[in-house]
Each structure stands twice: as structure tokens, then as C-alpha cells.
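One structure below.
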Amino acid sequence: MSPELKCGDLLLKLDLTEPSESVQNKALEELRENPQNIQNGLKELQSRLEAETDLNIPKTNKEWLMKFLRPCHFYPESARDLIRRYYNLRRKYNEITNFLIPSKLKNVFEANLVTILPQRDQYGRRIVVSLGGKQWNHKLIPIDDVFSSSTLCSELLQLEPQTQINGIVYIMDMVGLSFSQALHFTPYKAKRLLDHIQNNIPLRVKALHIVNQPRIFQPIFAAAKPFFTSKFANRIILHGCNYESLHRYISPECLPACYGGTMNSELMYGRETYELLSYYEKYFESLQMYGFKKES
């Protein structure tokens, strides 16, 4: 059972329960999720994966298969392709994926640079916040560690059936970003970020909200634009310090006061996020065993 960690008046925990009736209805409407499609999807995806002899994956684990079937609307071939893209991504960016173990990233969470908010948004989506400005000491914590920590949170939230259906949104807070910090946001790292959140992970990424960005952020954003897909370009929203703009997408009731929200919570739950992740340390270790087989 997942630990329940107190965050003000709210609790942060992993929700592994079956989706509510309203969420199931949403899954039916948006993802074609019904008993027949589930049964056929699992059977056909397992069959297709038997031919993927270059992959070491849990091909018979239904919960694992479901997290790939849902974002692919239960089309087995699309889910198979997503699995291959996902593990190719882990192989391609091993400077990130080799560190997807909570204990290796403790310093990031202790610095409150990455946080899973205890409150979902009004659409039932999870919210993950990362800080890339003045709170980030780039001399002590490499940008790769911050990105790994955000990826680690995404990996954990993939386990939640409700999140598989409703999706996830990211908030990237760039308040106080300095020139020396901005130099770490290279085009390669922008592409790596977009590779992860656009089409290659088993999550419905509904938006990337960038807040408090200074002028120096503009060339970073311009360098990243060539890597946007047309679909995802509409999901990257720059708000600056205009929190009313952010509230058009995320209700103030689901946001802490630092973003103009009314949630009785502060944005200082990196330690609680780390504690939640640490509870699943062995799970993350087991994930390192999966992927493309090494050539002998």
C-alpha cells in the first residue's frame, strides 16, 4: 500500500485503485476502453510482442500492457510501436535513464526542484512542477539530474490507472533564470525534453506550462521550436507572470498560492515527493532490467 504523506491539509499518495465510474466513462469516450477492446487489445498486443525478440520486457504483465494500450486507444500495433519508441528513448538518452533511481536523485528533491502536487487539476490530471530558475544551484545540481527527477515522477505516475486515462500536465517555473543557467538549456537538451513528453512515453501529456520566464528564456524557446510537433506546439503555453492566464487552464483551486491559487499548500513538497518515490525504490530498480537486449 502506498504511503500517505501529509502536505498541508492534503495527502500525497499513489492512487492504484480502479478508476471511478465517471473516469471509466471518460475512458470509454476518449480511449475506446470497454471490456471487449481491453480483452482483444491485451491478447493482440501480447501476440505482437512475442515477435519482438530484441526486447526484454514483461510481455504477460497485464497492468504493464495496459499503461501502453490506454494512450494508444487500445490499438495493439500502435501500443507495440510506442513500447519500441519508449525503450529506444531510454537507450538513446542513457545519461538520464541510468539514474532513474530515487536514491540517486535525493539532492534534487531536497532542494525542492521537482514536486508532484498533492492535488490533481479540475480534469483529474496529475501536476508535476519543476523549478529551473533562481532556486536551482546549477553548480551543485546538474540540469540532467533535474530532468531525471521529473522523468522519475512521470515513471511513477504511469502506474495510476486514473492518470493513464486523465493524463498529466507539467509546470516549468523559470523565475530568476540567469544567463549562466540559461547556457545549460542547449538545443540538444530541449530536443531531449520534447522527445520524452511528445510521443514516446506511455502518458497522455496534456500541457507544458512555462511560468515566470524572463526575456533570456526567449532564445531557448526559439531554439526548441523546430522540435515541436504541430499537435504538441499547441500544448506548450508561456504565461510569464500572468497567473490569470495559467488559471484558464488549471483552476486556482488546484494550485498553490505562489501561482495565484487557493490550495492550502505551499510549493515545498520535494521531500514528500522523494519519500513517495523512495517507497518504490525496488520497483525502479526492476525497471532497469527491461529494454533492448545488449548485443553479445
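By convention in this document, the chains of the C-alpha cells carry letters A, B, ... by their order, each chain's residues are numbered from 1, and ligands are numbered from 1 in the order they are shown.
Look at segment 117-125 of chain A: the protein and nucleic acid residues within 6 Å of it, using only C-alpha atoms and passing over chain neighbours fewer than 6 places away, are Leu11, Leu12, Asn166, Gly167, Ile168 and Cys254 of chain A.
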Could you produce a table of the residues of segment 20-133 of chain A lying within 10 Å of segment 263-285 of chain A, with the nearest pair of atoms per residue and their separation in Å rounded to one decimal, using only C-alpha atoms, ordered by chain and increasing residue number, as a Markdown table?
| residue | atom | partner | partner_atom | distance |
| --- | --- | --- | --- | --- |
| A:Phe99 | CA | A:Phe284 | CA | 9.9 |
| A:Leu100 | CA | A:Phe284 | CA | 6.9 |
| A:Ile101 | CA | A:Phe284 | CA | 5.8 |
| A:Pro102 | CA | A:Ser278 | CA | 5.6 |
| A:Ser103 | CA | A:Ser278 | CA | 7.0 |
| A:Leu105 | CA | A:Tyr274 | CA | 8.6 |
| A:Lys106 | CA | A:Tyr274 | CA | 6.8 |
| A:Asn107 | CA | A:Tyr274 | CA | 9.5 |
| A:Val108 | CA | A:Gly270 | CA | 7.9 |
| A:Phe109 | CA | A:Gly270 | CA | 4.4 |
| A:Glu110 | CA | A:Arg271 | CA | 5.4 |
| A:Ala111 | CA | A:Gly270 | CA | 7.0 |
| A:Asn112 | CA | A:Gly270 | CA | 4.3 |
| A:Leu113 | CA | A:Gly270 | CA | 6.8 |
| A:Val114 | CA | A:Gly270 | CA | 6.0 |
| A:Thr115 | CA | A:Gly270 | CA | 5.0 |
| A:Ile116 | CA | A:Thr273 | CA | 6.0 |
| A:Leu117 | CA | A:Tyr269 | CA | 7.7 |
| A:Pro118 | CA | A:Ser265 | CA | 8.7 |
| A:Gln119 | CA | A:Met263 | CA | 8.2 |
| A:Val129 | CA | A:Leu267 | CA | 8.6 |
| A:Ser130 | CA | A:Gly270 | CA | 9.9 |
- Do you know which residues are at most 9 Å from segment 22-38 of chain A counting only C-alpha atoms, after dropping those on the same chain fewer than 6 positions away, and could you put them as JSON, numbers by chain? {"A": [66, 69, 70, 71, 72, 73, 74, 75, 124, 162, 165, 166]}
- Message: For segment 85-92 of chain A, find every residue with an atom within 10 Å (counting only C-alpha atoms), except residues of its own chain fewer than 6 positions away, and show them as a list in words.
- Response: Leu55, Asn56, Ile57, Phe68, Ala79, Asn98, Arg192, Asp195, His196, Asn199, Asn200, Ile201, Pro202, Gln288, Tyr290, Gly291 and Phe292 of chain A
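Take the candidates A:Leu5, A:Leu140, A:Met172, A:Leu159 and check each one against Leu65 of chain A using only C-alpha atoms; the shortest distance goes to A:Leu159.
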- Can you list every residue in segment 24-213 of chain A that DSSP puts in alpha helix (DSSP H), as a PyMOL selection string? chain A and resi 24-31+35-50+62-69+76-92+94-97+106-110+143-157+161-166+179-182+187-198
Using only C-alpha atoms, please write the residues we just selected to a file, as a tab-separated table (two decimals), in the first residue's frame.
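The resulting file, part_9.tsv, is shown below:
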chain	number	residue	atom	x	y	z
A	24	GLN	CA	-14.35	4.95	-16.79
A	25	ASN	CA	-16.93	6.80	-18.88
A	26	LYS	CA	-14.22	9.21	-19.99
A	27	ALA	CA	-12.02	6.25	-20.92
A	28	LEU	CA	-14.83	4.79	-23.00
A	29	GLU	CA	-15.46	8.08	-24.78
A	30	GLU	CA	-11.86	9.16	-25.38
A	31	LEU	CA	-9.87	5.90	-25.41
A	35	PRO	CA	-14.30	-4.89	-21.86
A	36	GLN	CA	-14.12	-6.20	-25.43
A	37	ASN	CA	-11.37	-3.79	-26.51
A	38	ILE	CA	-9.43	-4.48	-23.32
A	39	GLN	CA	-9.58	-8.24	-23.87
A	40	ASN	CA	-8.72	-8.02	-27.56
A	41	GLY	CA	-6.05	-5.39	-27.01
A	42	LEU	CA	-4.24	-7.39	-24.34
A	43	LYS	CA	-4.38	-10.60	-26.39
A	44	GLU	CA	-3.21	-9.00	-29.64
A	45	LEU	CA	-0.51	-6.89	-28.01
A	46	GLN	CA	0.92	-9.93	-26.24
A	47	SER	CA	0.94	-11.77	-29.55
A	48	ARG	CA	2.72	-8.93	-31.35
A	49	LEU	CA	5.30	-8.61	-28.58
A	50	GLU	CA	6.26	-12.27	-28.93
A	62	LYS	CA	-1.46	-7.04	-17.85
A	63	GLU	CA	-1.01	-3.89	-15.74
A	64	TRP	CA	2.19	-3.10	-17.65
A	65	LEU	CA	0.49	-3.70	-21.01
A	66	MET	CA	-2.48	-1.52	-20.06
A	67	LYS	CA	-0.32	1.56	-19.50
A	68	PHE	CA	0.73	1.33	-23.17
A	69	LEU	CA	-2.68	0.38	-24.54
A	76	PRO	CA	-2.31	-3.08	-30.36
A	77	GLU	CA	0.00	-2.16	-33.25
A	78	SER	CA	0.24	1.44	-32.02
A	79	ALA	CA	0.93	0.21	-28.49
A	80	ARG	CA	3.68	-2.09	-29.78
A	81	ASP	CA	5.24	0.84	-31.64
A	82	LEU	CA	5.04	3.01	-28.52
A	83	ILE	CA	6.82	0.32	-26.50
A	84	ARG	CA	9.65	0.25	-29.01
A	85	ARG	CA	9.91	4.06	-29.07
A	86	TYR	CA	9.86	4.19	-25.29
A	87	TYR	CA	12.73	1.75	-24.88
A	88	ASN	CA	14.64	3.28	-27.75
A	89	LEU	CA	14.36	6.58	-25.91
A	90	ARG	CA	15.73	5.01	-22.72
A	91	ARG	CA	18.65	3.61	-24.72
A	92	LYS	CA	19.28	6.86	-26.60
A	94	ASN	CA	21.05	6.82	-21.02
A	95	GLU	CA	22.62	9.85	-19.29
A	96	ILE	CA	19.08	10.33	-17.94
A	97	THR	CA	17.64	6.85	-17.77
A	106	LYS	CA	17.74	12.73	-3.44
A	107	ASN	CA	19.53	16.10	-3.59
A	108	VAL	CA	17.16	17.36	-6.31
A	109	PHE	CA	14.09	16.72	-4.19
A	110	GLU	CA	15.68	18.05	-1.02
A	143	ILE	CA	20.42	20.04	-15.24
A	144	ASP	CA	20.39	16.36	-16.20
A	145	ASP	CA	19.57	15.49	-12.58
A	146	VAL	CA	16.61	17.87	-12.59
A	147	PHE	CA	15.34	16.34	-15.81
A	148	SER	CA	15.91	12.81	-14.47
A	149	SER	CA	13.88	13.68	-11.38
A	150	SER	CA	10.95	14.92	-13.43
A	151	THR	CA	11.17	11.78	-15.57
A	152	LEU	CA	11.23	9.67	-12.40
A	153	CYS	CA	7.96	11.27	-11.27
A	154	SER	CA	6.42	10.54	-14.66
A	155	GLU	CA	7.52	6.91	-14.44
A	156	LEU	CA	5.81	6.54	-11.06
A	157	LEU	CA	2.59	8.23	-12.14
A	161	PRO	CA	-5.00	3.93	-13.82
A	162	GLN	CA	-6.68	7.32	-13.34
A	163	THR	CA	-3.59	9.15	-14.60
A	164	GLN	CA	-3.31	6.79	-17.56
A	165	ILE	CA	-6.80	7.94	-18.53
A	166	ASN	CA	-6.84	11.61	-17.49
A	179	PHE	CA	22.39	33.88	-18.14
A	180	SER	CA	24.79	31.26	-16.73
A	181	GLN	CA	21.85	28.96	-16.01
A	182	ALA	CA	20.34	29.55	-19.44
A	187	PRO	CA	19.16	22.68	-28.22
A	188	TYR	CA	20.10	19.05	-27.57
A	189	LYS	CA	18.56	19.16	-24.11
A	190	ALA	CA	15.48	20.90	-25.43
A	191	LYS	CA	15.08	18.14	-28.01
A	192	ARG	CA	15.59	15.50	-25.33
A	193	LEU	CA	12.84	17.03	-23.21
A	194	LEU	CA	10.43	17.16	-26.13
A	195	ASP	CA	11.32	13.63	-27.23
A	196	HIS	CA	10.22	12.46	-23.81
A	197	ILE	CA	6.95	14.30	-23.47
A	198	GLN	CA	5.61	14.44	-27.04
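Within segment 9-216 of chain A, DSSP run on the backbone puts these residues in strand (DSSP E): A:Leu10, A:Leu11, A:Leu12, A:Leu55, A:Asn56, A:Val114, A:Thr115, A:Ile116, A:Arg126, A:Ile127, A:Val128, A:Val129, A:Ser130, A:Leu131, A:Ile168, A:Val169, A:Tyr170, A:Ile171, A:Met172, A:Asp173, A:Val205, A:Lys206, A:Ala207, A:Leu208, A:His209, A:Ile210, A:Val211.
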- Item | Pick from A:Phe217, A:Lys231, A:His184, A:Asn61, whichever lies nearest to Ile141 of chain A using only C-alpha atoms | A:His184
- Task: Can you work out which one of A:Arg248, A:Lys13, A:His209, A:Arg215 has the shortest atom-to-atom distance to Arg235 of chain A, counting only C-alpha atoms?
- Result: A:His209
- A:Pro256, A:Asp54, A:Leu10, A:Met1 ranked by distance to Lys294 of chain A, top pick (using only C-alpha atoms): A:Asp54
